[in-house]
Amino acid sequence: MAKADTNVAQAPSKALLGIGLVWLAVFIYASSNSIVSLLADIGRQHPVMGRNAVSLCNLLFLGSLISLVPMVFMFYKDWTRDNLRKLSRKDWAVLTLSALLSSALTPALFFIALDYTTVTNVVLIGRIEPPLFLLATFFVLKEPLDPWAFGAGVIALLGAMVMIAMNGSDAAFTFGKGEIATVFATLSFIASTIVTRVGLKNVPLGIFSIYRTVLGTIIYYFLALYLYGPNHFQDLFTAVLWKWVWVYAIIVIIIGQFAWNIGLKNARAGDVSLATSFSPVAALIIAMVLLGEDPGPGLIPGGLIILAAIGVGQFGRIRSTRLKKQREEAEQRAKSKLDRALEQEGRMNFKGA
């Protein structure tokens with residue numbers, strides 16, 4: 001009985017841990033653009049033969065390689081012969097698909113999008129992710145669709161649209177190659193998230209993280225060479241890149257990736273969607289602090305709408321938890337009443353005999 005009580009008590013604590021880590025990952029990923037901009041500015045101030053060595057592609061590729069070092073020290077115990085033998089062909093297929101989507105296809109599509117459109121339009125289209133993610137988990141993973149979380153995602157999307165619409169003529173929305181690439185990048189991100197949730201159920205975190213990073217980095221390397229030419233990574237060994245890549249690798253890749261993966265393993269789909277809904281506001285606030293950017297007059301009204309969306313989602317989560325607890329208590333009372341009735345009936349039958 002004590003063991004069962006312990007397991008019941010651990011479930012909420014793991015869920016809370018998952019929620020906290022998902023929120024941490026969202027803030028880290030929201031700050032990634034500002035961090036990259038700061039590092040790119042440093043690279044422009046210290047060019048190598050007229051080139052910026054601290055480019056996004058170099059940061060992502062080299063940062064992924066660096067992140068393997070702490071991964072190996074932390075997770076080498078997971079790479080045992082017994083653990084590897086337990087993995088089925090389906091598990092290896094999930095790992096490979098996750099590496100392709102999250103470490104190669106998704107970032108490549110976002111890079112293409114940014115070549116053809118503004119960051120503003122990418123942020124706007126990216127807000128389709130929270131409600132679509134919930135629908136995907138409902139249809140693909142058969143998880144219950146939380147109407148409150150879904151409504152919160154839609155409200156957050158409206159808030160992002162208000163923020164964009166009030167930024168003036170520079171943020172005028174068009175639908176071209178960049179916007180199409182952003183749609184596919186968002187769909188690829190949703191697919192990678194779902195694959196991650198599936199993969200982490202049967203695969204040790206160490207095997208999952210290392211395999212996905214290694215294979216994804218290899219795929220991304222050859223994809224970048226195909227898209228940008230054979231000399232794209234010629235500045236990988238420059239001193240200025242190695243001096244600053246550690247900031248990106250430790251904060252964005254290592255801490256952000258670990259927090260996201262562990263959070264996905266324990267958090268509910270509604271909590272993940274709710275946390276990602278706050279991403280545009282977090283990104284703007286961080287850009288204001290780190291880069292001194294002015295997000296325009298749409299920050300306050302759009303931000304308030306997104307905060308309202310978070311409030312709606314939280315209210316729905318508390319309400320659902322309360323109703324679930326009431327149902328469990330009602331079922332327990334009904335069971336106790338039935339047990340007492342059966343016990344009383346047994347006593348009467350015993351007396352009659």
# chains A, B, ... in the order shown; residues from 1 in each chain; ligands from 1
>>> residues_around(residues="A:Ile194", least_positions_apart="3", cutoff="10 Å", atoms="only C-alpha atoms", output="NGL selection string")
:A and (98 or 133 or 136-137 or 140-141 or 188-191 or 197-199 or 264 or 269)
>>> residues_around(residues="A:Gly176", least_positions_apart="2", cutoff="8 Å", atoms="only C-alpha atoms", output="PyMOL selection string")
chain A and resi 116-117+174+178-180
>>> closest_residue(among="A:Trp148, A:Phe61, A:Phe73, A:Tyr228", to="A:Arg317", atoms="only C-alpha atoms")
A:Trp148
>>> atom_distance(atom1="atom CA of A:Pro144", atom2="atom CA of A:Thr186")
22.1 Å
>>> residues_around(residues="stretch 300-303 of chain A", least_positions_apart="2", cutoff="12 Å", atoms="only C-alpha atoms", output="PyMOL selection string")
chain A and resi 124+155-167+277-285+294-298+305-310
>>> closest_atom_pairs(of="stretch 211-262 of chain A", to="stretch 23-30 of chain A", cutoff="12 Å", atoms="only C-alpha atoms", output="CSV")
residue,atom,partner,partner_atom,distance
A:Tyr248,CA,A:Ile28,CA,10.4
A:Ala249,CA,A:Ile28,CA,11.7
A:Ile250,CA,A:Ile28,CA,10.8
A:Ile251,CA,A:Ile28,CA,7.1
A:Val252,CA,A:Ile28,CA,6.1
A:Ile253,CA,A:Tyr29,CA,9.0
A:Ile254,CA,A:Ala25,CA,10.4
A:Ile255,CA,A:Ala25,CA,7.7
A:Gly256,CA,A:Ala25,CA,4.8
A:Gln257,CA,A:Ala25,CA,7.2
A:Phe258,CA,A:Ala25,CA,8.2
A:Ala259,CA,A:Ala25,CA,5.5
A:Trp260,CA,A:Ala25,CA,5.3
A:Asn261,CA,A:Ala25,CA,9.0
A:Ile262,CA,A:Ala25,CA,10.0
>>> residues_around(residues="A:Tyr220", least_positions_apart="3", cutoff="7 Å", atoms="only C-alpha atoms", output="tab-separated table (two decimals) with N, CA and C atoms, in the first residue's frame")
chain	number	residue	atom	x	y	z
A	103	SER	N	16.96	17.99	-36.21
A	103	SER	CA	18.33	18.48	-36.30
A	103	SER	C	18.75	18.86	-37.71
A	104	ALA	N	17.94	18.55	-38.71
A	104	ALA	CA	18.32	18.86	-40.09
A	104	ALA	C	17.22	19.60	-40.83
A	216	GLY	N	21.71	13.75	-36.79
A	216	GLY	CA	21.16	15.01	-37.24
A	216	GLY	C	22.23	15.99	-37.69
A	217	THR	N	23.35	16.01	-36.99
A	217	THR	CA	24.46	16.90	-37.36
A	217	THR	C	25.07	16.49	-38.70
A	223	LEU	N	23.40	18.61	-45.95
A	223	LEU	CA	22.30	19.42	-46.48
A	223	LEU	C	22.75	20.86	-46.69
A	224	ALA	N	23.52	21.41	-45.74
A	224	ALA	CA	24.01	22.78	-45.87
A	224	ALA	C	25.00	22.90	-47.02
>>> atom_distance(atom1="atom CA of A:Gly292", atom2="atom CA of A:Pro107")
25.7 Å
>>> atom_distance(atom1="atom CA of A:Ser192", atom2="atom CA of A:Pro130")
13.8 Å
